[in-house]
>>> print(open('run20.cif').read())   # mmCIF, C-alpha atoms
data_final
#
loop_
_atom_site.label_atom_id
_atom_site.label_comp_id
_atom_site.auth_asym_id
_atom_site.auth_seq_id
_atom_site.Cartn_x
_atom_site.Cartn_y
_atom_site.Cartn_z
CA MET T 7 166.03 192.59 8.64
CA SER T 8 169.34 190.79 8.09
CA TYR T 9 172.37 190.89 10.36
CA SER T 10 176.06 190.16 10.18
CA PHE T 11 178.29 189.51 13.17
CA ARG T 12 181.82 189.84 14.48
CA SER T 13 183.01 187.47 17.17
CA PHE T 14 186.36 187.15 18.93
CA ALA T 15 187.79 184.49 21.22
CA PRO T 16 191.26 184.69 22.75
CA GLY T 17 193.94 182.07 22.92
CA ARG T 18 195.36 181.28 26.33
CA VAL T 19 198.64 180.65 28.08
CA ASN T 20 198.70 178.45 31.16
CA LEU T 21 201.02 179.90 33.78
CA ILE T 22 201.05 176.83 36.06
CA GLY T 23 199.04 173.64 36.51
CA GLU T 24 199.67 171.22 33.64
CA HIS T 25 197.67 168.01 33.09
CA THR T 26 195.70 168.74 36.24
CA ASP T 27 192.40 169.70 34.62
CA TYR T 28 191.22 166.28 33.50
CA THR T 29 191.65 164.94 37.04
CA GLY T 30 189.59 167.79 38.50
CA GLY T 31 192.57 169.76 39.76
CA LEU T 32 193.64 173.39 39.65
CA VAL T 33 194.96 175.43 36.71
CA PHE T 34 196.13 179.02 36.35
CA PRO T 35 195.71 180.23 32.76
CA MET T 36 195.14 183.69 31.36
CA ALA T 37 193.38 184.70 28.18
CA LEU T 38 195.58 186.50 25.65
CA ASP T 39 195.08 189.63 23.60
CA LEU T 40 195.74 187.35 20.61
CA GLY T 41 193.03 185.14 19.22
CA ILE T 42 190.51 184.33 16.50
CA THR T 43 188.18 186.87 14.91
CA ILE T 44 185.23 185.67 12.83
CA THR T 45 183.01 187.87 10.69
CA GLY T 46 180.03 186.55 8.77
CA ARG T 47 176.34 185.99 8.43
CA VAL T 48 173.77 183.28 8.97
CA ILE T 49 172.80 181.19 5.93
CA PRO T 50 170.55 178.13 5.70
CA GLY T 51 171.88 174.59 5.35
CA GLU T 52 175.54 175.29 4.55
CA LEU T 53 178.90 176.04 6.12
CA ARG T 54 181.19 178.29 4.13
CA ALA T 55 184.45 179.28 5.80
CA LYS T 56 187.78 180.68 4.75
CA SER T 57 190.72 181.64 6.93
CA ASN T 58 193.75 183.86 6.60
CA ASN T 59 196.06 181.09 7.81
CA GLN T 60 194.56 178.14 5.93
CA SER T 61 195.14 177.55 2.24
CA GLU T 62 191.87 175.71 1.60
CA PRO T 63 188.35 176.98 2.36
CA VAL T 64 185.60 174.84 3.86
CA HIS T 65 182.28 174.29 2.09
CA LEU T 66 179.88 171.75 3.58
CA ARG T 67 176.23 170.82 3.29
CA LEU T 68 174.61 170.42 6.68
CA PRO T 69 174.22 168.33 8.71
CA VAL T 70 177.60 166.55 8.63
CA GLU T 71 177.12 162.92 9.60
CA ASP T 72 180.78 161.81 9.56
CA LEU T 73 183.36 164.35 10.74
CA ALA T 74 186.19 162.17 9.44
CA THR T 75 185.06 162.93 5.88
CA VAL T 76 185.39 166.71 6.31
CA SER T 77 188.15 168.19 4.19
CA PRO T 78 190.20 170.24 4.77
CA SER T 79 190.66 168.85 8.26
CA TRP T 80 190.47 172.22 10.05
CA GLY T 81 186.80 172.34 9.07
CA ARG T 82 186.11 169.44 11.44
CA PHE T 83 186.26 171.80 14.41
CA LEU T 84 183.55 173.98 12.87
CA ALA T 85 181.40 171.05 11.79
CA ALA T 86 181.71 169.48 15.24
CA VAL T 87 180.43 172.67 16.88
CA LEU T 88 177.50 172.82 14.45
CA ASN T 89 176.65 169.20 15.25
CA ARG T 90 176.65 169.94 19.00
CA VAL T 91 174.42 173.04 18.85
CA PRO T 92 170.74 172.04 18.80
CA ASP T 93 168.85 173.26 15.72
CA SER T 94 171.92 175.12 14.46
CA THR T 95 171.74 177.00 11.20
CA GLY T 96 174.47 177.44 8.64
CA LEU T 97 177.12 180.15 8.56
CA ASP T 98 179.15 181.97 5.92
CA VAL T 99 182.30 183.21 7.68
CA GLU T 100 185.73 184.71 7.25
CA ILE T 101 188.27 183.85 9.92
CA SER T 102 191.41 185.72 10.86
CA SER T 103 193.94 184.73 13.49
CA SER T 104 196.49 186.83 15.36
CA LEU T 105 197.83 183.69 17.04
CA PRO T 106 200.96 182.17 15.52
CA SER T 107 200.41 179.01 13.49
CA GLY T 108 202.31 175.80 13.91
CA GLY T 109 201.79 173.85 17.14
CA THR T 110 202.28 176.67 19.64
CA GLY T 111 200.23 175.22 22.49
CA LEU T 112 198.21 178.45 22.88
CA SER T 113 194.82 176.83 22.22
CA THR T 114 194.24 178.12 18.71
CA SER T 115 191.69 175.40 17.97
CA THR T 116 189.74 176.20 21.14
CA ALA T 117 189.74 179.92 20.28
CA LEU T 118 188.41 179.02 16.84
CA SER T 119 185.64 176.87 18.29
CA CYS T 120 184.68 179.46 20.92
CA ALA T 121 184.51 182.29 18.40
CA PHE T 122 182.49 180.07 16.05
CA VAL T 123 179.93 178.97 18.63
CA LEU T 124 178.95 182.53 19.65
CA PRO T 125 176.83 183.36 16.57
CA LEU T 126 175.09 180.01 17.00
CA ALA T 127 174.36 180.63 20.67
CA THR T 128 173.26 184.28 20.60
CA THR T 129 170.78 186.45 18.74
CA PRO T 130 171.05 190.03 17.47
CA ASP T 131 168.64 191.30 20.10
CA ARG T 132 170.34 189.38 22.96
CA PRO T 133 174.08 189.29 22.16
CA ASP T 134 175.11 189.14 25.82
CA ASP T 135 172.70 186.40 26.82
CA ILE T 136 175.37 183.73 26.93
CA ASP T 137 175.59 180.74 29.27
CA ARG T 138 179.37 180.64 29.11
CA LEU T 139 179.72 177.56 31.29
CA GLN T 140 177.40 175.54 29.08
CA LEU T 141 179.23 176.80 25.99
CA ALA T 142 182.56 175.72 27.49
CA LYS T 143 181.20 172.21 28.02
CA LEU T 144 179.74 172.15 24.49
CA VAL T 145 183.00 173.29 22.88
CA LYS T 146 185.00 170.75 24.90
CA ALA T 147 182.73 167.97 23.64
CA ALA T 148 182.92 169.27 20.06
CA GLU T 149 186.71 169.38 20.12
CA GLN T 150 186.79 165.81 21.35
CA ASP T 151 184.45 164.87 18.49
CA ALA T 152 186.79 166.58 16.01
CA THR T 153 190.08 165.12 17.29
CA GLY T 154 189.19 161.93 19.09
CA VAL T 155 191.33 163.13 22.03
CA GLU T 156 189.85 163.47 25.52
CA THR T 157 191.06 166.65 27.22
CA GLY T 158 190.16 168.82 30.18
CA ILE T 159 188.06 171.97 30.18
CA MET T 160 190.71 174.57 31.00
CA ASP T 161 191.15 175.96 27.50
CA GLN T 162 187.47 176.59 26.92
CA LEU T 163 186.97 178.24 30.32
CA ALA T 164 190.02 180.46 29.86
CA SER T 165 188.84 181.67 26.45
CA LEU T 166 185.23 182.28 27.47
CA PHE T 167 185.78 183.67 30.99
CA GLY T 168 188.96 185.71 30.54
CA VAL T 169 189.30 188.88 32.63
CA ALA T 170 191.41 191.81 31.43
CA GLY T 171 194.51 192.24 33.60
CA SER T 172 194.05 188.94 35.41
CA ALA T 173 194.92 185.28 35.33
CA LEU T 174 192.24 182.78 36.33
CA MET T 175 192.57 180.22 39.09
CA ILE T 176 190.17 177.52 37.94
CA ASP T 177 189.05 174.55 40.01
CA CYS T 178 188.31 171.96 37.36
CA HIS T 179 186.29 169.86 39.81
CA ASP T 180 183.54 172.36 40.62
CA LEU T 181 184.47 174.80 37.80
CA ALA T 182 184.87 177.70 40.23
CA ILE T 183 186.81 180.55 38.59
CA THR T 184 188.75 183.13 40.63
CA PRO T 185 190.39 186.05 38.78
CA VAL T 186 193.81 186.99 40.18
CA VAL T 187 195.34 190.30 39.10
CA VAL T 188 198.71 190.00 37.35
CA PRO T 189 201.23 192.26 39.16
CA ASP T 190 202.13 195.43 37.27
CA GLU T 191 205.83 194.76 37.84
CA LEU T 192 205.65 191.42 36.03
CA GLN T 193 205.98 191.07 32.27
CA ILE T 194 204.86 187.74 30.90
CA LEU T 195 206.60 186.59 27.74
CA ILE T 196 205.56 183.76 25.44
CA VAL T 197 208.34 182.32 23.32
CA HIS T 198 208.02 179.53 20.79
CA SER T 199 210.42 176.74 21.66
CA GLY T 200 211.28 176.09 18.03
CA GLN T 201 209.55 172.70 18.12
CA GLU T 202 205.93 172.27 17.07
CA ARG T 203 203.70 170.19 19.29
CA GLU T 204 200.98 167.75 18.35
CA LEU T 205 198.36 166.68 20.90
CA VAL T 206 197.25 163.55 19.09
CA GLY T 207 199.53 160.64 19.99
CA SER T 208 200.55 158.22 22.69
CA GLU T 209 202.56 160.75 24.74
CA TYR T 210 199.42 162.56 25.88
CA SER T 211 197.12 159.54 26.21
CA ASP T 212 199.70 157.40 28.05
CA ARG T 213 200.19 160.05 30.70
CA ARG T 214 196.48 160.65 31.05
CA GLU T 215 195.99 156.92 31.61
CA ALA T 216 198.75 156.95 34.21
CA CYS T 217 196.87 159.69 36.07
CA TYR T 218 193.72 157.59 36.02
CA ALA T 219 195.68 154.54 37.20
CA ALA T 220 197.02 156.55 40.13
CA GLN T 221 193.51 157.67 41.06
CA GLU T 222 192.27 154.08 41.10
CA GLN T 223 194.85 153.34 43.79
CA ILE T 224 194.97 156.49 45.96
CA GLY T 225 191.76 158.33 45.09
CA PRO T 226 191.32 161.71 43.36
CA LEU T 227 194.65 163.37 42.66
CA ARG T 228 193.09 166.76 43.47
CA LEU T 229 192.81 165.56 47.08
CA ALA T 230 196.00 163.48 47.24
CA THR T 231 199.20 164.35 49.08
CA LEU T 232 202.77 163.51 48.15
CA SER T 233 202.69 160.96 50.96
CA ASP T 234 199.78 159.26 49.19
CA VAL T 235 201.69 159.33 45.91
CA ALA T 236 204.73 157.70 47.55
CA THR T 237 202.66 154.53 48.10
CA LEU T 238 202.23 153.97 44.36
CA LYS T 239 204.22 150.94 43.24
CA ASP T 240 204.68 151.67 39.53
CA PRO T 241 207.55 154.18 39.19
CA THR T 242 206.14 155.79 36.05
CA VAL T 243 202.69 156.27 37.56
CA ARG T 244 204.35 157.59 40.74
CA ARG T 245 206.41 160.19 38.86
CA ILE T 246 203.43 161.43 36.85
CA ALA T 247 201.20 161.62 39.92
CA THR T 248 203.98 163.48 41.76
CA HIS T 249 203.86 166.16 39.09
CA VAL T 250 200.07 166.50 39.12
CA VAL T 251 199.81 166.71 42.91
CA GLY T 252 202.73 169.15 43.00
CA ASP T 253 201.26 171.38 40.32
CA ASN T 254 197.93 171.54 42.14
CA ALA T 255 199.82 172.97 45.11
CA ARG T 256 201.85 175.27 42.88
CA VAL T 257 198.68 176.85 41.45
CA ARG T 258 197.63 177.99 44.93
CA LEU T 259 201.13 179.22 45.67
CA MET T 260 201.31 181.15 42.40
CA ALA T 261 197.96 182.81 43.03
CA ALA T 262 199.15 183.86 46.48
CA ALA T 263 202.43 185.16 45.05
CA PHE T 264 200.54 187.27 42.50
CA GLU T 265 198.24 188.66 45.18
CA ALA T 266 201.26 189.63 47.28
CA SER T 267 203.24 190.87 44.23
CA ASP T 268 206.03 188.53 45.35
CA LEU T 269 207.84 188.17 42.04
CA ASP T 270 210.73 186.19 43.51
CA LEU T 271 208.34 183.55 44.79
CA ALA T 272 206.43 183.54 41.50
CA ALA T 273 209.68 182.94 39.61
CA GLN T 274 210.65 180.14 41.98
CA ILE T 275 207.29 178.43 41.48
CA LEU T 276 207.57 178.74 37.69
CA THR T 277 211.05 177.18 37.79
CA GLU T 278 209.91 174.32 40.02
CA GLY T 279 206.93 173.75 37.76
CA HIS T 280 209.17 173.35 34.73
CA ARG T 281 211.49 170.92 36.45
CA SER T 282 208.54 168.79 37.54
CA TYR T 283 206.97 168.92 34.08
CA ALA T 284 210.27 167.86 32.50
CA ASP T 285 211.61 165.39 35.06
CA ASN T 286 208.48 163.87 36.61
CA PHE T 287 205.92 164.14 33.85
CA GLY T 288 208.41 163.72 31.01
CA ALA T 289 206.80 166.37 28.80
CA SER T 290 209.92 168.26 27.74
CA THR T 291 212.32 167.73 24.85
CA ALA T 292 215.95 168.56 24.14
CA THR T 293 214.86 171.53 22.02
CA VAL T 294 212.62 172.86 24.79
CA GLU T 295 215.31 172.42 27.44
CA ALA T 296 217.82 174.31 25.31
CA MET T 297 215.41 177.21 24.86
CA VAL T 298 214.53 177.39 28.56
CA ALA T 299 218.23 177.47 29.46
CA HIS T 300 218.84 180.12 26.80
CA LEU T 301 216.04 182.32 28.13
CA ILE T 302 216.89 182.23 31.83
CA ALA T 303 220.48 183.15 31.04
CA GLN T 304 219.34 186.47 29.58
CA PRO T 305 219.17 189.76 31.52
CA GLY T 306 215.75 190.64 32.86
CA ILE T 307 214.25 187.14 32.56
CA ARG T 308 213.49 185.69 35.98
CA ALA T 309 212.21 182.21 35.10
CA ALA T 310 210.81 180.15 32.24
CA ARG T 311 208.94 176.91 31.74
CA LEU T 312 207.27 174.82 29.07
CA THR T 313 203.54 175.57 28.91
CA GLY T 314 200.62 173.75 27.34
CA GLY T 315 200.24 170.05 26.63
CA GLY T 316 203.97 169.43 26.36
CA PHE T 317 206.39 167.91 23.85
CA GLY T 318 207.16 171.22 22.14
CA GLY T 319 205.15 174.36 21.62
CA SER T 320 205.56 177.50 23.69
CA ILE T 321 207.52 178.57 26.74
CA VAL T 322 206.16 181.10 29.24
CA ALA T 323 208.68 183.37 30.94
CA PHE T 324 208.44 185.84 33.82
CA ALA T 325 210.48 188.94 33.09
CA GLU T 326 211.11 192.48 34.18
CA PRO T 327 209.09 195.16 32.34
CA GLY T 328 210.63 195.96 28.97
CA ALA T 329 212.77 192.81 28.78
CA GLN T 330 213.02 191.37 25.28
CA PRO T 331 214.25 187.83 24.64
CA ASN T 332 217.09 187.35 22.19
CA VAL T 333 215.63 184.47 20.15
CA ASP T 334 215.15 183.49 16.53
CA THR T 335 211.63 182.15 17.08
CA TRP T 336 208.27 183.90 17.45
CA TRP T 337 207.65 185.65 20.77
CA THR T 338 205.31 188.17 22.31
CA ALA T 339 204.80 190.10 25.53
CA ALA T 340 201.43 188.76 26.65
CA ALA T 341 198.63 190.98 27.91
CA PRO T 342 195.85 189.34 29.99
CA SER T 343 192.64 189.71 27.99
CA ALA T 344 188.90 189.70 28.47
CA GLY T 345 187.03 186.64 27.28
CA ALA T 346 185.20 185.87 24.06
CA ASN T 347 182.60 188.33 22.77
CA ILE T 348 180.27 188.95 19.84
CA SER T 349 178.59 191.94 18.25
CA TRP T 350 175.74 191.85 15.73
CA ILE T 351 175.39 194.51 13.04
CA SER T 352 172.25 195.35 11.11
CA ASP T 353 172.75 195.15 7.36
CA ALA T 354 169.83 197.48 6.70
#
>>> encode(input="run20.cif", output="structure tokens")
Amino acid sequence: MSYSFRSFAPGRVNLIGEHTDYTGGLVFPMALDLGITITGRVIPGELRAKSNNQSEPVHLRLPVEDLATVSPSWGRFLAAVLNRVPDSTGLDVEISSSLPSGGTGLSTSTALSCAFVLPLATTPDRPDDIDRLQLAKLVKAAEQDATGVETGIMDQLASLFGVAGSALMIDCHDLAITPVVVPDELQILIVHSGQERELVGSEYSDRREACYAAQEQIGPLRLATLSDVATLKDPTVRRIATHVVGDNARVRLMAAAFEASDLDLAAQILTEGHRSYADNFGASTATVEAMVAHLIAQPGIRAARLTGGGFGGSIVAFAEPGAQPNVDTWWTAAAPSAGANISWISDA
């Protein structure tokens, strides 16, 4: 008997806690109702893939020994996952995305990898037998293989462990995940800043190295205090560590504000998070700052900040129910989603 499958993995928006995951800190993302859907079937020895938002399909013989030779380049994410799954077979798939294209910072590539790994990690008779933590680690490693960029594990955990109606407080040291219900009175908006972001480059790696330099001097940033950070001699390292330590604290405060439905406090934390991300971490741009100022001047929008890896991409805003931003860029009212899933269908 032959089977086909349908898998889905959501994108994510991080509400607070930027560049804290790779130092074992706290993050507060939520899975979105937007993501990547893959339909297909198992085939031997080949990868065939086409996507609704990519002009070129992927056709590869397996195994792929050198990911750098894969063309088009988006196929490297798929090939990297196949290389990481032991004894993986081939797949013939069609991919559709409801996430906006163009450097949004909503983890489209992670959603793609998570949706793609599910048919390799499950069977038709045991579709729910998924070790999601191990898959998150596998996908993280595969994405690093595909891009050459070392990142944290937040995106993979958010996509695989999402809970409908909730954000996730994730401790990236012990990988403990605590769902926190999003208050009914809060509408979360995602607005594209108008500037695409690109993770590959010195901006990301330089700041990551500054975090590691700070840890060599004062110990793990997840345990550090602002008094510890004040002892750092290098002003750049000190500013970046100030942001990371501050955002770790802001994650706990945001979770508490959500639990208490204290929307004023939540808005204050979001605002403080943006100022730290822009002024201490240096992740903002003139285009982003203009959009944040434009948003918070509008009726019904309580606060806004740059979200994701920085240097462009998307802005997350806290708003009153029904508020609609007056912008010329893509935007959506985000709904917290359940995590990735797969269903197998008999072709008989």
>>> residues_near_point(input="run20.cif", point="(196.2, 188.9, 45.7)", cutoff="10 Å", atoms="all atoms listed in the file", output="ChimeraX atom specification")
/T:185-189,260-268
>>> residues_around(input="run20.cif", residues="Gly108 of chain T", least_positions_apart="4", cutoff="10 Å", atoms="all atoms listed in the file", output="VMD selection string")
chain T and resid 114 198 200 to 204 319
>>> closest_residue(input="run20.cif", among="T:Gly171, T:Gly31, T:Gly154, T:Pro133", to="Val250 of chain T", atoms="only C-alpha atoms")
T:Gly31
>>> closest_residue(input="run20.cif", among="T:Thr242, T:Ile302, T:Phe83, T:Gly318", to="Asp285 of chain T", atoms="all atoms listed in the file")
T:Thr242
>>> atom_distance(input="run20.cif", atom1="atom CA of Leu181 of chain T", atom2="atom CA of Gly345 of chain T")
16.0 Å
>>> resolve_selection(input="run20.cif", expression="the PyMOL selection byres ((chain T and resi 61-74) around 9)", output="mmCIF file with C-alpha atoms, in the coordinates of the input")
data_model
loop_
_atom_site.group_PDB
_atom_site.id
_atom_site.type_symbol
_atom_site.label_atom_id
_atom_site.label_comp_id
_atom_site.auth_asym_id
_atom_site.auth_seq_id
_atom_site.Cartn_x
_atom_site.Cartn_y
_atom_site.Cartn_z
ATOM 1 C CA PRO T 50 170.550 178.130 5.700
ATOM 2 C CA GLY T 51 171.880 174.590 5.350
ATOM 3 C CA GLU T 52 175.540 175.290 4.550
ATOM 4 C CA LEU T 53 178.900 176.040 6.120
ATOM 5 C CA ARG T 54 181.190 178.290 4.130
ATOM 6 C CA ALA T 55 184.450 179.280 5.800
ATOM 7 C CA LYS T 56 187.780 180.680 4.750
ATOM 8 C CA SER T 57 190.720 181.640 6.930
ATOM 9 C CA ASN T 58 193.750 183.860 6.600
ATOM 10 C CA ASN T 59 196.060 181.090 7.810
ATOM 11 C CA GLN T 60 194.560 178.140 5.930
ATOM 12 C CA THR T 75 185.060 162.930 5.880
ATOM 13 C CA VAL T 76 185.390 166.710 6.310
ATOM 14 C CA SER T 77 188.150 168.190 4.190
ATOM 15 C CA PRO T 78 190.200 170.240 4.770
ATOM 16 C CA SER T 79 190.660 168.850 8.260
ATOM 17 C CA TRP T 80 190.470 172.220 10.050
ATOM 18 C CA GLY T 81 186.800 172.340 9.070
ATOM 19 C CA ARG T 82 186.110 169.440 11.440
ATOM 20 C CA PHE T 83 186.260 171.800 14.410
ATOM 21 C CA ALA T 85 181.400 171.050 11.790
ATOM 22 C CA ALA T 86 181.710 169.480 15.240
ATOM 23 C CA LEU T 88 177.500 172.820 14.450
ATOM 24 C CA ASN T 89 176.650 169.200 15.250
ATOM 25 C CA THR T 95 171.740 177.000 11.200
ATOM 26 C CA GLY T 96 174.470 177.440 8.640
ATOM 27 C CA ASP T 151 184.450 164.870 18.490
ATOM 28 C CA ALA T 152 186.790 166.580 16.010
#
>>> resolve_selection(input="run20.cif", expression="the PyMOL selection byres ((chain T and resi 328) around 12)", output="list in words")
Asp190, Glu191, Leu192, Gln193, Ile194, Leu195, Pro305, Gly306, Ile307, Phe324, Ala325, Glu326, Pro327, Ala329, Gln330, Pro331, Thr338, Ala339 and Ala340 of chain T
>>> write_last_selection(input="run20.cif", atoms="C-alpha atoms", output="CSV table (one decimal), in the frame of the given file")
chain,number,residue,atom,x,y,z
T,190,ASP,CA,202.1,195.4,37.3
T,191,GLU,CA,205.8,194.8,37.8
T,192,LEU,CA,205.6,191.4,36.0
T,193,GLN,CA,206.0,191.1,32.3
T,194,ILE,CA,204.9,187.7,30.9
T,195,LEU,CA,206.6,186.6,27.7
T,305,PRO,CA,219.2,189.8,31.5
T,306,GLY,CA,215.8,190.6,32.9
T,307,ILE,CA,214.2,187.1,32.6
T,324,PHE,CA,208.4,185.8,33.8
T,325,ALA,CA,210.5,188.9,33.1
T,326,GLU,CA,211.1,192.5,34.2
T,327,PRO,CA,209.1,195.2,32.3
T,329,ALA,CA,212.8,192.8,28.8
T,330,GLN,CA,213.0,191.4,25.3
T,331,PRO,CA,214.2,187.8,24.6
T,338,THR,CA,205.3,188.2,22.3
T,339,ALA,CA,204.8,190.1,25.5
T,340,ALA,CA,201.4,188.8,26.6
>>> atom_distance(input="run20.cif", atom1="atom CA of Leu32 of chain T", atom2="atom CA of Asp177 of chain T")
4.7 Å
>>> residues_around(input="run20.cif", residues="segment 251-257 of chain T", least_positions_apart="4", cutoff="7 Å", atoms="all atoms listed in the file", output="PDB file with C-alpha atoms, in the coordinates of the input")
ATOM      1  CA  ILE T  22     201.050 176.830  36.060  1.00  0.00           C
ATOM      2  CA  GLY T  23     199.040 173.640  36.510  1.00  0.00           C
ATOM      3  CA  GLU T  24     199.670 171.220  33.640  1.00  0.00           C
ATOM      4  CA  THR T  26     195.700 168.740  36.240  1.00  0.00           C
ATOM      5  CA  GLY T  31     192.570 169.760  39.760  1.00  0.00           C
ATOM      6  CA  LEU T  32     193.640 173.390  39.650  1.00  0.00           C
ATOM      7  CA  VAL T  33     194.960 175.430  36.710  1.00  0.00           C
ATOM      8  CA  PHE T  34     196.130 179.020  36.350  1.00  0.00           C
ATOM      9  CA  LEU T 227     194.650 163.370  42.660  1.00  0.00           C
ATOM     10  CA  ARG T 228     193.090 166.760  43.470  1.00  0.00           C
ATOM     11  CA  ALA T 230     196.000 163.480  47.240  1.00  0.00           C
ATOM     12  CA  THR T 231     199.200 164.350  49.080  1.00  0.00           C
ATOM     13  CA  LEU T 232     202.770 163.510  48.150  1.00  0.00           C
ATOM     14  CA  ALA T 247     201.200 161.620  39.920  1.00  0.00           C
ATOM     15  CA  ALA T 261     197.960 182.810  43.030  1.00  0.00           C
ATOM     16  CA  ILE T 275     207.290 178.430  41.480  1.00  0.00           C
ATOM     17  CA  GLY T 279     206.930 173.750  37.760  1.00  0.00           C
TER      18      GLY T 279
END
>>> atom_distance(input="run20.cif", atom1="atom CA of Asp270 of chain T", atom2="atom CA of Ser233 of chain T")
27.5 Å
>>> resolve_selection(input="run20.cif", expression="the PyMOL selection byres ((chain T and resi 137) around 12)", output="VMD selection string")
chain T and resid 123 to 124 127 to 128 132 to 136 138 to 144 163 166 to 167
>>> residues_around(input="run20.cif", residues="Ala284 of chain T", least_positions_apart="2", cutoff="10 Å", atoms="only C-alpha atoms", output="list in words")
His249, Glu278, Gly279, His280, Arg281, Ser282, Asn286, Phe287, Gly288, Ala289, Ser290, Thr291, Val294, Glu295, Arg311, Leu312, Gly316 and Phe317 of chain T
>>> residues_around(input="run20.cif", residues="Leu126 of chain T", least_positions_apart="4", cutoff="12 Å", atoms="only C-alpha atoms", output="ChimeraX atom specification")
/T:11,13,46-49,84,87-98,119-122,130,133,135-136,141,144-145,348,350
>>> residues_around(input="run20.cif", residues="Ile159 of chain T", least_positions_apart="3", cutoff="7 Å", atoms="only C-alpha atoms", output="list in words")
Asp27, Lys146, Gln162 and Leu163 of chain T
>>> closest_residue(input="run20.cif", among="T:Ile101, T:Ala147, T:Ala273, T:Met175", to="Ala37 of chain T", atoms="all atoms listed in the file")
T:Met175
